[in-house]
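Shown next: run.txt, given as compact mmCIF, C-alpha atoms.
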```txt
# COMPACT_ATOMS: atom_id res chain seq x y z
CA MET A 514 53.84 -46.87 -4.71
CA LEU A 515 55.35 -43.40 -4.52
CA MET A 516 53.07 -42.23 -7.30
CA THR A 517 50.02 -43.64 -5.48
CA SER A 518 50.98 -41.79 -2.29
CA ILE A 519 51.42 -38.54 -4.20
CA LEU A 520 48.03 -38.93 -5.88
CA ARG A 521 46.38 -39.65 -2.54
CA SER A 522 48.03 -36.56 -1.01
CA VAL A 523 46.83 -34.42 -3.89
CA ALA A 524 43.31 -35.82 -3.53
CA ILE A 525 43.29 -35.12 0.22
CA PHE A 526 44.65 -31.59 -0.34
CA ARG A 527 41.97 -30.88 -2.93
CA SER A 528 39.28 -32.21 -0.60
CA LEU A 529 40.52 -30.00 2.23
CA SER A 530 40.71 -27.03 -0.12
CA SER A 531 37.16 -27.66 -1.30
CA ILE A 532 35.91 -27.89 2.27
CA LYS A 533 37.77 -24.69 3.19
CA GLN A 534 36.40 -22.93 0.14
CA CYS A 535 32.85 -24.05 0.93
CA LEU A 536 33.22 -22.87 4.51
CA TRP A 537 34.63 -19.55 3.30
CA PHE A 538 31.75 -19.00 0.87
CA SER A 539 29.27 -20.07 3.54
CA SER A 540 30.84 -17.60 5.96
CA LYS A 541 30.77 -14.82 3.37
CA ALA A 542 27.16 -15.60 2.51
CA THR A 543 26.19 -15.53 6.19
CA VAL A 544 27.96 -12.23 6.75
CA LYS A 545 26.40 -10.79 3.61
CA MET A 546 22.95 -12.05 4.63
CA GLU A 547 23.30 -10.57 8.12
CA SER A 548 24.59 -7.34 6.61
CA ASP A 549 21.70 -7.23 4.16
CA GLN A 550 19.24 -7.92 6.96
CA SER A 551 20.62 -5.08 9.05
CA LYS A 552 20.55 -2.77 6.06
CA SER A 553 17.00 -3.78 5.16
CA PHE A 554 15.84 -2.03 8.28
CA THR A 555 16.88 1.35 7.03
CA ALA A 556 17.60 0.98 3.35
CA CYS A 557 15.98 3.60 1.16
CA THR A 558 13.59 2.33 -1.47
CA SER A 559 12.84 4.45 -4.52
CA HIS A 560 9.87 4.43 -6.86
CA PHE A 561 8.53 6.45 -9.76
CA ILE A 562 4.88 7.42 -9.63
CA HIS A 563 2.70 9.87 -11.50
CA VAL A 564 2.01 13.15 -9.69
CA ASP A 565 -0.33 15.43 -11.63
CA GLY A 566 0.57 13.29 -14.63
CA ILE A 567 4.34 13.89 -14.19
CA PRO A 568 6.61 10.85 -13.53
CA THR A 569 8.12 11.67 -10.14
CA LYS A 570 10.66 9.90 -7.97
CA VAL A 571 9.75 9.19 -4.35
CA ILE A 572 12.25 7.79 -1.87
CA LYS A 573 11.17 6.39 1.44
CA VAL A 574 12.57 4.70 4.51
CA ASP A 575 9.97 2.78 6.45
CA GLY A 576 11.63 -0.54 7.27
CA GLN A 577 9.08 -2.69 5.48
CA SER A 578 8.87 -1.61 1.84
CA THR A 579 8.69 -4.36 -0.72
CA GLY A 580 7.82 -2.20 -3.69
CA ILE A 581 4.97 -0.18 -5.06
CA GLY A 582 2.47 -1.54 -7.51
CA ASN A 583 -0.10 0.13 -9.67
CA GLY A 584 -1.76 1.53 -6.58
CA GLY A 585 1.08 4.01 -6.20
CA VAL A 586 2.53 5.07 -2.88
CA ARG A 587 -0.74 5.01 -1.00
CA GLY A 588 -0.75 1.22 -0.55
CA CYS A 589 2.54 1.22 1.31
CA ILE A 590 1.61 4.08 3.62
CA GLU A 591 -1.66 2.46 4.62
CA ARG A 592 0.16 -0.68 5.78
CA TYR A 593 2.27 1.35 8.19
CA THR A 594 1.00 1.72 11.76
CA SER A 595 2.47 5.16 12.50
CA ASN A 596 0.12 8.06 11.92
CA VAL A 597 3.04 10.46 11.39
CA ILE A 598 5.17 10.80 8.27
CA PHE A 599 8.27 12.92 7.75
CA LEU A 600 8.09 14.40 4.24
CA ILE A 601 11.19 16.10 2.82
CA ILE A 602 10.82 18.85 0.22
CA PRO A 603 14.32 19.21 -1.25
CA GLY A 604 16.30 22.21 -2.32
CA ASN A 605 17.56 22.78 -5.84
CA PRO A 606 18.42 20.49 -7.54
CA GLY A 607 15.38 18.64 -6.27
CA ILE A 608 16.95 15.18 -6.28
CA PRO A 609 15.86 13.21 -3.19
CA ASP A 610 18.83 10.84 -3.39
CA PHE A 611 20.94 13.58 -1.77
CA TYR A 612 18.94 13.02 1.44
CA GLU A 613 19.25 9.24 1.80
CA LEU A 614 21.66 9.23 4.75
CA PHE A 615 19.69 12.03 6.41
CA MET A 616 16.49 9.99 6.03
CA GLU A 617 18.01 6.76 7.32
CA THR A 618 19.39 8.52 10.40
CA ILE A 619 16.02 10.04 11.29
CA PHE A 620 14.35 6.66 10.88
CA LYS A 621 16.91 4.95 13.13
CA ALA A 622 16.50 7.71 15.72
CA SER A 623 12.76 7.03 15.78
CA ASN A 624 13.52 3.42 16.71
CA CYS A 625 12.40 2.49 13.20
CA GLN A 626 8.85 3.65 13.95
CA VAL A 627 8.27 6.83 11.92
CA PRO A 628 8.57 6.60 8.12
CA VAL A 629 10.63 9.20 6.29
CA TRP A 630 9.80 10.20 2.73
CA ALA A 631 11.32 12.52 0.14
CA ILE A 632 9.84 13.63 -3.17
CA ALA A 633 11.72 14.91 -6.19
CA HIS A 634 10.89 18.17 -7.89
CA ALA A 635 9.04 17.78 -11.18
CA GLY A 636 11.55 17.30 -13.99
CA HIS A 637 14.59 16.98 -11.72
CA ILE A 638 15.12 13.24 -12.29
CA ALA A 639 14.79 11.52 -15.64
CA PRO A 640 12.24 8.69 -15.23
CA PRO A 641 12.50 5.26 -16.87
CA LYS A 642 11.59 5.41 -20.55
CA VAL A 643 8.50 3.29 -19.98
CA LEU A 644 6.99 6.08 -17.86
CA LYS A 645 5.48 8.87 -19.93
CA ILE A 646 3.98 12.21 -18.99
CA THR A 647 0.23 11.70 -18.97
CA ASN A 648 -0.61 15.36 -18.41
CA LYS A 649 -0.47 16.68 -21.97
CA GLU A 650 -0.55 20.30 -20.77
CA ARG A 651 2.78 19.74 -19.02
CA MET A 652 4.40 17.76 -21.83
CA TYR A 653 7.07 20.27 -22.89
CA GLU A 654 7.14 22.51 -19.88
CA ALA A 655 10.13 23.68 -17.87
CA TYR A 656 8.62 23.52 -14.41
CA SER A 657 8.39 26.86 -12.62
CA LEU A 658 8.66 27.56 -8.91
CA ASP A 659 4.89 28.06 -8.70
CA TYR A 660 4.31 24.73 -10.40
CA GLN A 661 6.61 22.94 -7.94
CA ILE A 662 4.21 24.10 -5.19
CA GLU A 663 1.25 22.74 -7.20
CA HIS A 664 3.18 19.51 -7.77
CA LYS A 665 3.75 18.92 -4.04
CA ALA A 666 0.12 19.76 -3.28
CA ALA A 667 -0.95 17.18 -5.87
CA PHE A 668 1.34 14.55 -4.32
CA ILE A 669 -0.13 15.07 -0.86
CA SER A 670 -3.66 15.08 -2.24
CA GLU A 671 -3.21 12.03 -4.48
CA HIS A 672 -0.95 9.79 -2.41
CA ILE A 673 -1.12 10.55 1.31
CA PRO A 674 -4.18 9.32 3.25
CA ALA A 675 -6.16 11.97 5.08
CA ASP A 676 -5.61 10.32 8.48
CA LYS A 677 -1.83 10.79 8.37
CA LYS A 678 -0.15 13.75 10.03
CA LEU A 679 2.87 15.36 8.42
CA ILE A 680 6.15 16.77 9.59
CA LEU A 681 7.38 18.71 6.58
CA ILE A 682 11.13 19.25 6.26
CA GLY A 683 12.03 21.96 3.80
CA HIS A 684 15.61 22.59 2.74
CA SER A 685 16.66 25.80 0.98
CA ILE A 686 14.04 26.57 -1.71
CA GLY A 687 12.02 23.67 -0.32
CA CYS A 688 11.17 26.04 2.55
CA HIS A 689 9.58 28.50 0.12
CA ILE A 690 7.60 25.63 -1.42
CA ILE A 691 6.33 24.59 2.02
CA LEU A 692 5.20 28.13 2.81
CA GLY A 693 3.41 28.16 -0.53
CA LEU A 694 1.73 24.85 0.34
CA MET A 695 0.58 26.14 3.71
CA LYS A 696 -0.84 29.26 2.09
CA ALA A 697 -2.64 27.35 -0.67
CA ILE A 698 -3.99 24.56 1.60
CA PRO A 699 -4.30 25.88 5.19
CA SER A 700 -6.06 22.66 6.23
CA LEU A 701 -3.03 20.42 5.66
CA PRO A 702 -2.55 18.10 8.70
CA ILE A 703 0.88 19.50 9.59
CA ILE A 704 2.40 18.94 13.01
CA LYS A 705 5.43 21.06 12.19
CA ALA A 706 7.12 22.54 9.14
CA LEU A 707 10.89 22.70 9.56
CA GLN A 708 12.66 25.39 7.54
CA LEU A 709 16.30 24.33 7.22
CA PHE A 710 18.55 27.07 5.83
CA PRO A 711 15.50 28.80 4.32
CA THR A 712 15.74 30.70 1.04
CA ILE A 713 12.42 32.51 1.41
CA GLU A 714 13.38 36.14 0.72
CA ARG A 715 15.78 38.50 -1.09
CA MET A 716 17.56 35.78 -3.02
CA TRP A 717 18.93 38.13 -5.67
CA GLY A 718 20.72 40.16 -3.01
CA THR A 719 22.52 37.27 -1.30
CA PRO A 720 26.31 36.77 -1.62
CA ASN A 721 25.94 33.57 -3.66
CA SER A 722 23.55 35.21 -6.12
CA THR A 723 26.26 37.58 -7.36
CA LEU A 724 27.57 34.84 -9.66
CA VAL A 725 24.64 32.43 -9.83
CA ALA A 726 21.88 34.90 -10.77
CA PRO A 727 23.43 36.15 -14.05
CA LEU A 728 24.45 32.62 -15.06
CA THR A 729 21.04 31.08 -14.48
CA ILE A 730 19.08 33.92 -16.06
CA TYR A 731 21.22 34.97 -19.00
CA CYS A 732 23.46 31.98 -19.73
CA ARG A 733 21.11 29.03 -19.19
CA TRP A 734 21.34 28.07 -22.86
CA ILE A 735 25.02 27.10 -22.41
CA ALA A 736 24.23 24.28 -20.00
CA PHE A 737 22.18 22.20 -22.41
CA PRO A 738 24.87 21.51 -25.08
CA VAL A 739 27.55 21.02 -22.41
CA THR A 740 25.54 18.46 -20.44
CA TYR A 741 24.26 16.87 -23.66
CA LEU A 742 27.85 16.06 -24.65
CA ALA A 743 28.91 15.13 -21.11
CA ASN A 744 26.03 12.67 -20.89
CA TYR A 745 27.84 10.47 -23.42
CA LEU A 746 30.64 9.83 -20.93
CA SER A 747 30.61 6.42 -19.27
CA ASP A 748 29.07 6.14 -15.81
CA TYR A 749 32.52 5.33 -14.45
CA VAL A 750 34.03 8.54 -15.85
CA LYS A 751 31.11 10.58 -14.50
CA TRP A 752 31.51 8.99 -11.08
CA ARG A 753 35.25 9.64 -11.02
CA PHE A 754 34.75 13.25 -12.09
CA VAL A 755 32.19 13.98 -9.36
CA SER A 756 34.37 12.16 -6.81
CA TRP A 757 37.29 14.34 -7.83
CA LEU A 758 35.24 17.51 -7.33
CA VAL A 759 34.54 16.56 -3.70
CA ARG A 760 37.85 14.79 -3.05
CA ASP A 761 38.67 16.90 0.03
CA ARG A 762 35.32 16.31 1.71
CA LYS A 763 33.75 13.28 3.40
CA VAL A 764 30.77 13.09 1.09
CA PRO A 765 28.42 10.07 1.29
CA LYS A 766 28.17 7.92 -1.82
CA CYS A 767 24.47 8.73 -2.13
CA ASN A 768 25.43 12.34 -2.85
CA ILE A 769 27.81 11.36 -5.62
CA GLN A 770 25.18 9.07 -7.10
CA ALA A 771 22.61 11.85 -6.89
CA ALA A 772 24.90 14.31 -8.67
CA LEU A 773 25.16 11.98 -11.67
CA ASN A 774 21.57 12.91 -12.53
CA LEU A 775 22.80 16.38 -13.47
CA PHE A 776 24.63 14.98 -16.49
CA ASN A 777 21.21 14.57 -18.08
CA PRO A 778 20.67 17.78 -20.12
CA TYR A 779 16.94 17.92 -19.40
CA VAL A 780 17.47 17.55 -15.67
CA ALA A 781 20.22 20.18 -15.67
CA ASN A 782 18.00 22.54 -17.64
CA ALA A 783 15.12 22.03 -15.19
CA ALA A 784 17.35 22.76 -12.19
CA ILE A 785 18.84 25.88 -13.79
CA TYR A 786 15.42 27.15 -14.86
CA LEU A 787 14.12 26.70 -11.31
CA ALA A 788 17.14 28.62 -10.01
CA ALA A 789 16.34 31.47 -12.42
CA CYS A 790 12.75 31.51 -11.13
CA GLU A 791 14.06 31.69 -7.58
CA MET A 792 16.24 34.70 -8.35
CA LYS A 793 13.40 36.58 -10.00
CA GLU A 794 10.49 35.59 -7.75
CA VAL A 795 11.80 35.04 -4.20
CA ILE A 796 12.09 38.67 -3.24
CA ASP A 797 9.88 39.85 -0.38
CA LEU A 798 9.10 37.63 2.58
CA ASP A 799 5.40 36.82 2.85
CA VAL A 800 5.14 38.16 6.39
CA ASP A 801 1.38 37.65 6.70
CA ASN A 802 1.64 34.00 5.67
CA VAL A 803 4.45 33.33 8.15
CA LYS A 804 2.50 35.03 10.97
CA LYS A 805 -0.58 32.97 10.16
CA HIS A 806 1.30 29.66 10.49
CA LEU A 807 4.00 30.75 12.97
CA SER A 808 3.06 28.19 15.62
CA LYS A 809 3.77 25.36 13.15
CA LEU A 810 7.05 26.73 11.82
CA LEU A 811 10.63 26.18 12.99
CA PHE A 812 13.37 28.15 11.25
CA TYR A 813 17.01 27.08 11.32
CA TYR A 814 19.61 29.52 9.98
CA GLY A 815 23.32 29.00 9.36
CA THR A 816 26.06 31.27 10.63
CA SER A 817 27.94 31.53 7.32
CA ASP A 818 25.32 30.85 4.67
CA GLY A 819 25.76 32.51 1.30
CA TRP A 820 22.09 31.98 0.45
CA CYS A 821 20.51 33.25 3.68
CA PRO A 822 23.02 35.49 5.48
CA LEU A 823 23.12 36.05 9.22
CA ASP A 824 21.24 39.34 8.80
CA PHE A 825 18.20 37.34 7.68
CA TYR A 826 18.20 35.48 10.99
CA TYR A 827 18.25 38.70 13.04
CA ASP A 828 15.57 40.24 10.82
CA ALA A 829 13.35 37.18 11.31
CA LYS A 830 13.85 37.31 15.09
CA ALA A 831 12.80 40.97 15.07
CA LEU A 832 9.78 40.36 12.81
CA PHE A 833 8.56 37.29 14.69
CA PRO A 834 9.66 37.58 18.34
CA GLU A 835 7.36 34.72 19.34
CA GLY A 836 8.55 32.42 16.57
CA ASP A 837 10.78 29.36 16.92
CA ILE A 838 13.79 30.76 15.09
CA ARG A 839 17.14 29.11 15.76
CA LEU A 840 20.74 29.77 14.81
CA CYS A 841 23.08 26.90 14.01
CA LYS A 842 25.86 26.41 16.57
CA ARG A 843 27.42 23.41 14.82
CA CYS A 844 28.94 25.15 11.76
CA ILE A 845 26.68 23.17 9.42
CA ASP A 846 26.83 24.24 5.77
CA HIS A 847 23.80 25.26 3.71
CA ALA A 848 24.27 22.07 1.65
CA PHE A 849 24.19 19.97 4.82
CA THR A 850 23.74 16.65 2.99
CA LEU A 851 27.35 16.80 1.80
CA GLU A 852 28.94 16.28 5.20
CA SER A 853 26.42 16.77 8.02
CA SER A 854 23.44 14.54 7.22
CA GLU A 855 23.67 12.54 10.44
CA LEU A 856 24.20 15.58 12.66
CA MET A 857 21.28 17.41 11.06
CA ALA A 858 19.06 14.33 11.37
CA ASP A 859 19.83 14.02 15.09
CA LEU A 860 18.89 17.65 15.59
CA VAL A 861 15.63 17.20 13.70
CA TRP A 862 14.67 14.14 15.74
CA ASN A 863 15.43 15.84 19.05
CA TRP A 864 13.25 18.79 18.02
CA MET A 865 10.35 16.59 16.94
CA LYS A 866 10.27 13.55 19.22
CA ASP A 867 8.02 15.10 21.88
CA ASP A 868 5.55 16.38 19.27
CA ILE A 869 5.42 12.92 17.70
CA MET A 870 4.84 11.21 21.04
CA ALA A 871 1.98 13.60 21.71
CA VAL A 872 0.03 12.50 18.64
CA GLN A 873 0.84 8.76 18.53
```
For this file, write the structure as structure tokens.
Amino acid sequence: MLMTSILRSVAIFRSLSSIKQCLWFSSKATVKMESDQSKSFTACTSHFIHVDGIPTKVIKVDGQSTGIGNGGVRGCIERYTSNVIFLIIPGNPGIPDFYELFMETIFKASNCQVPVWAIAHAGHIAPPKVLKITNKERMYEAYSLDYQIEHKAAFISEHIPADKKLILIGHSIGCHIILGLMKAIPSLPIIKALQLFPTIERMWGTPNSTLVAPLTIYCRWIAFPVTYLANYLSDYVKWRFVSWLVRDRKVPKCNIQAALNLFNPYVANAAIYLAACEMKEVIDLDVDNVKKHLSKLLFYYGTSDGWCPLDFYYDAKALFPEGDIRLCKRCIDHAFTLESSELMADLVWNWMKDDIMAVQ
């Protein structure tokens, strides 16, 4: 009798435990589903496409992406009702993953109405092995600064419908690339071209170039064997190492994930080669080109930027008194994606919202 009672008690306890466990899993699943649904609004989706025959990563936030098929990016843009697209041209390294939080914040600020896109620089992200370079002329090339301009022009030509208007957001050397685009294709449907912390002149003479210029130009060969060996480390060790490097800063996870791409020796080599091109080629400001497109340009300079010092801001104000040239009052770093993505995104939206409303 006692044994029967014990067995019944155990059976009841197990039943209650099972019910509790089911409820717990159901609760967790519901929370996860709700969380996933809220994230699906603004989650970045990434795709590799061919641009001028080069496998290229594109990240976008548009609230409705389900993937890109053989039709490339064009199919997804054409389904979107907005006739305006934010397109980010990154700095160096040209890894769009650094900008994920920045992109999501702009999209949220637009009430999830205006898609935000970012394109990688050619060669700055290793594509899946199934994707091959189809442009044989570019097969073994280290992509120059001039080619990065051609690459972005090809992307716009091949993958963005002619009826869409663009707000270009350039960061660092991305600003130089945008100016090159505007010079090469004056007819681009640009509402505004934002120049965030622009490296568009005298790069060799900047404070940061004192160390970087000699390393990128004369010691580039060192990086390949170092990164080749480091690439054999496990992903966990790489992640921990990058996390340790930024341990005293509130860096979003997307930035740490983006930095892992630099363990690939070919990606590291491409970024360093581009930096060497910048040092040697970004010398004199193309004053005539800036004047020609001044009404579509907005420049944003930092107060303590080692790549574009404060003097450059005052020189630009003197050269272009009618230009929209602004000085940061928020102490945002040149590499704003590390800690100020949301603040920078809010600024960008506030600058652009009236222009967007005017063309919708």
For Leu856 (chain A), which residue among A:Trp734, A:Ile646, A:Leu614, A:Ala706 is the nearest when counting only C-alpha atoms?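 With only C-alpha atoms as the atom set, the closest residue is A:Leu614.
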If we count only C-alpha atoms, what is near Ser817 (chain A) at a cut-off of 12 Å, once residues fewer than 2 positions away on the same chain are taken out, given as an MDAnalysis selection string? chainID A and resid 710 719:721 814:815 819:826 840:848
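In this structure, CA of Pro641 (chain A) sits 18.3 Å away from CA of Ser747 (chain A).
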Just to confirm, what's the straight-line distance from CA of Asn782 (chain A) to CA of Pro606 (chain A) in Å (one decimal)? 10.3 Å
Env of Cys557 (chain A): 10 Å cut, atoms = all atoms listed in the file, seq-sep filter 4 positions within chain, self excluded. Answer as number ranges by chain. A: 552-553, 572-576, 578, 610, 612-614, 616-617, 629-630
Which residues of region 741-849 of chain A come within 8 Å of region 678-695 of chain A, and for each one, what is the closest pair of atoms and their distance in Å to one decimal, counting all atoms listed in the file, sorted by chain and residue number, as CSV?
```
residue,atom,partner,partner_atom,distance
A:Glu791,CA,A:Ile686,CA,7.8
A:Asn802,CA,A:Leu692,CA,7.4
A:Val803,CA,A:Leu692,CA,7.5
A:His806,CA,A:Met695,CA,7.7
A:His847,CA,A:Ser685,CA,7.7
```
Mind writing the picked residues with C-alpha atoms as a PDB file, in the frame of the given file?
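The resulting selection_7.pdb:
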```
ATOM      1  CA  GLU A 791      14.060  31.690  -7.580  1.00  0.00           C
ATOM      2  CA  ASN A 802       1.640  34.000   5.670  1.00  0.00           C
ATOM      3  CA  VAL A 803       4.450  33.330   8.150  1.00  0.00           C
ATOM      4  CA  HIS A 806       1.300  29.660  10.490  1.00  0.00           C
ATOM      5  CA  HIS A 847      23.800  25.260   3.710  1.00  0.00           C
TER       6      HIS A 847
END
```
For a test of reading the model, state the distance in Å between CA of Leu709 (chain A) and CA of Pro640 (chain A), rounded to one decimal. 27.7 Å
May I ask which of the residues A:Gln661, A:Asn744, A:Thr569, A:Ser623 is the closest one to Ile598 (chain A), counting only C-alpha atoms?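 Looking at the shortest contact to Ile598 (chain A), the residue is A:Ser623.
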Given all atoms listed in the file as the basis, pick out the residue of A:Glu714, A:Asp799, A:Asp761, A:Asp837 nearest to Glu852 (chain A).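 With all atoms listed in the file as the atom set, the closest residue is A:Asp761.
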Using only C-alpha atoms for the distances, tell me which of A:Pro702, A:Asp859, A:Val759, A:Ala697 is nearest to Asp676 (chain A). A:Pro702
Protein/DNA/RNA residues near (5.0, 19.2, -10.0), cut 8 Å, only C-alpha atoms, as a ChimeraX atom specification: /A:564-565,567,634-636,656,660-665,667
Selected residue of minimal separation from Gly604 (chain A) among A:Val800, A:Ala639, A:Leu707, A:Ala633, counting all atoms listed in the file: A:Ala633
Calculated over all atoms listed in the file, which of the candidates A:Lys809, A:Asn777, A:Val750, A:Lys793 has the smallest distance to Asp868 (chain A)?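 Using all atoms listed in the file, Asp868 (chain A) sits closest to A:Lys809.
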Pull the neighbourhood of (-5.1, 12.0, 9.5) for me: all residues within 12 Å in file coordinates, counting all atoms listed in the file, as number ranges by chain. A: 590-591, 595-598, 669, 673-679, 700-704, 872-873
Using the atoms already present, construct all heavy atoms for region 859-867 of chain A and hand them back as a PDB file, in the coordinates of the input.
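What ended up in rebuild-v8.pdb:
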```pdb
ATOM      1  N   ASP A 859      19.947  14.121  13.632  1.00  0.00           N
ATOM      2  CA  ASP A 859      19.830  14.020  15.090  1.00  0.00           C
ATOM      3  C   ASP A 859      19.167  15.266  15.672  1.00  0.00           C
ATOM      4  O   ASP A 859      18.338  15.170  16.591  1.00  0.00           O
ATOM      5  CB  ASP A 859      21.220  13.826  15.720  1.00  0.00           C
ATOM      6  CG  ASP A 859      21.775  12.427  15.490  1.00  0.00           C
ATOM      7  OD1 ASP A 859      20.966  11.511  15.235  1.00  0.00           O
ATOM      8  OD2 ASP A 859      23.003  12.248  15.556  1.00  0.00           O
ATOM      9  N   LEU A 860      19.525  16.415  15.138  1.00  0.00           N
ATOM     10  CA  LEU A 860      18.890  17.650  15.590  1.00  0.00           C
ATOM     11  C   LEU A 860      17.398  17.631  15.310  1.00  0.00           C
ATOM     12  O   LEU A 860      16.577  17.951  16.175  1.00  0.00           O
ATOM     13  CB  LEU A 860      19.543  18.860  14.898  1.00  0.00           C
ATOM     14  CG  LEU A 860      20.972  19.226  15.330  1.00  0.00           C
ATOM     15  CD1 LEU A 860      21.536  20.303  14.407  1.00  0.00           C
ATOM     16  CD2 LEU A 860      20.985  19.727  16.771  1.00  0.00           C
ATOM     17  N   VAL A 861      17.044  17.242  14.094  1.00  0.00           N
ATOM     18  CA  VAL A 861      15.630  17.200  13.700  1.00  0.00           C
ATOM     19  C   VAL A 861      14.842  16.266  14.612  1.00  0.00           C
ATOM     20  O   VAL A 861      13.749  16.605  15.082  1.00  0.00           O
ATOM     21  CB  VAL A 861      15.499  16.766  12.219  1.00  0.00           C
ATOM     22  CG1 VAL A 861      14.067  16.357  11.895  1.00  0.00           C
ATOM     23  CG2 VAL A 861      15.947  17.887  11.290  1.00  0.00           C
ATOM     24  N   TRP A 862      15.392  15.086  14.887  1.00  0.00           N
ATOM     25  CA  TRP A 862      14.670  14.140  15.740  1.00  0.00           C
ATOM     26  C   TRP A 862      14.488  14.684  17.145  1.00  0.00           C
ATOM     27  O   TRP A 862      13.407  14.557  17.744  1.00  0.00           O
ATOM     28  CB  TRP A 862      15.371  12.786  15.777  1.00  0.00           C
ATOM     29  CG  TRP A 862      14.685  11.852  16.729  1.00  0.00           C
ATOM     30  CD1 TRP A 862      15.128  11.420  17.943  1.00  0.00           C
ATOM     31  CD2 TRP A 862      13.371  11.301  16.560  1.00  0.00           C
ATOM     32  NE1 TRP A 862      14.192  10.622  18.537  1.00  0.00           N
ATOM     33  CE2 TRP A 862      13.092  10.521  17.714  1.00  0.00           C
ATOM     34  CE3 TRP A 862      12.417  11.375  15.556  1.00  0.00           C
ATOM     35  CZ2 TRP A 862      11.909   9.833  17.884  1.00  0.00           C
ATOM     36  CZ3 TRP A 862      11.229  10.694  15.720  1.00  0.00           C
ATOM     37  CH2 TRP A 862      10.975   9.928  16.877  1.00  0.00           C
ATOM     38  N   ASN A 863      15.524  15.289  17.699  1.00  0.00           N
ATOM     39  CA  ASN A 863      15.430  15.840  19.050  1.00  0.00           C
ATOM     40  C   ASN A 863      14.400  16.970  19.133  1.00  0.00           C
ATOM     41  O   ASN A 863      13.731  17.138  20.157  1.00  0.00           O
ATOM     42  CB  ASN A 863      16.792  16.325  19.535  1.00  0.00           C
ATOM     43  CG  ASN A 863      17.709  15.176  19.894  1.00  0.00           C
ATOM     44  OD1 ASN A 863      17.271  14.154  20.417  1.00  0.00           O
ATOM     45  ND2 ASN A 863      19.005  15.313  19.604  1.00  0.00           N
ATOM     46  N   TRP A 864      14.278  17.736  18.043  1.00  0.00           N
ATOM     47  CA  TRP A 864      13.250  18.790  18.020  1.00  0.00           C
ATOM     48  C   TRP A 864      11.844  18.204  17.987  1.00  0.00           C
ATOM     49  O   TRP A 864      10.919  18.757  18.568  1.00  0.00           O
ATOM     50  CB  TRP A 864      13.423  19.688  16.781  1.00  0.00           C
ATOM     51  CG  TRP A 864      14.705  20.441  16.715  1.00  0.00           C
ATOM     52  CD1 TRP A 864      15.529  20.783  17.740  1.00  0.00           C
ATOM     53  CD2 TRP A 864      15.319  20.956  15.518  1.00  0.00           C
ATOM     54  NE1 TRP A 864      16.627  21.473  17.266  1.00  0.00           N
ATOM     55  CE2 TRP A 864      16.520  21.605  15.919  1.00  0.00           C
ATOM     56  CE3 TRP A 864      14.975  20.949  14.173  1.00  0.00           C
ATOM     57  CZ2 TRP A 864      17.374  22.223  14.991  1.00  0.00           C
ATOM     58  CZ3 TRP A 864      15.817  21.568  13.255  1.00  0.00           C
ATOM     59  CH2 TRP A 864      17.003  22.202  13.671  1.00  0.00           C
ATOM     60  N   MET A 865      11.675  17.090  17.287  1.00  0.00           N
ATOM     61  CA  MET A 865      10.350  16.590  16.940  1.00  0.00           C
ATOM     62  C   MET A 865       9.832  15.441  17.796  1.00  0.00           C
ATOM     63  O   MET A 865       8.642  15.136  17.771  1.00  0.00           O
ATOM     64  CB  MET A 865      10.336  16.140  15.467  1.00  0.00           C
ATOM     65  CG  MET A 865      10.419  17.268  14.457  1.00  0.00           C
ATOM     66  SD  MET A 865       8.954  18.341  14.520  1.00  0.00           S
ATOM     67  CE  MET A 865       9.594  19.698  15.511  1.00  0.00           C
ATOM     68  N   LYS A 866      10.681  14.788  18.554  1.00  0.00           N
ATOM     69  CA  LYS A 866      10.270  13.550  19.220  1.00  0.00           C
ATOM     70  C   LYS A 866       9.118  13.752  20.202  1.00  0.00           C
ATOM     71  O   LYS A 866       8.208  12.914  20.279  1.00  0.00           O
ATOM     72  CB  LYS A 866      11.467  12.888  19.906  1.00  0.00           C
ATOM     73  CG  LYS A 866      12.141  13.727  20.978  1.00  0.00           C
ATOM     74  CD  LYS A 866      13.378  13.019  21.525  1.00  0.00           C
ATOM     75  CE  LYS A 866      14.081  13.847  22.585  1.00  0.00           C
ATOM     76  NZ  LYS A 866      15.306  13.160  23.074  1.00  0.00           N
ATOM     77  N   ASP A 867       9.105  14.862  20.925  1.00  0.00           N
ATOM     78  CA  ASP A 867       8.020  15.100  21.880  1.00  0.00           C
ATOM     79  C   ASP A 867       6.702  15.357  21.158  1.00  0.00           C
ATOM     80  O   ASP A 867       5.640  14.898  21.599  1.00  0.00           O
ATOM     81  CB  ASP A 867       8.360  16.276  22.802  1.00  0.00           C
ATOM     82  CG  ASP A 867       9.503  15.953  23.754  1.00  0.00           C
ATOM     83  OD1 ASP A 867       9.737  14.746  24.005  1.00  0.00           O
ATOM     84  OD2 ASP A 867      10.181  16.893  24.229  1.00  0.00           O
TER      85      ASP A 867
END
```
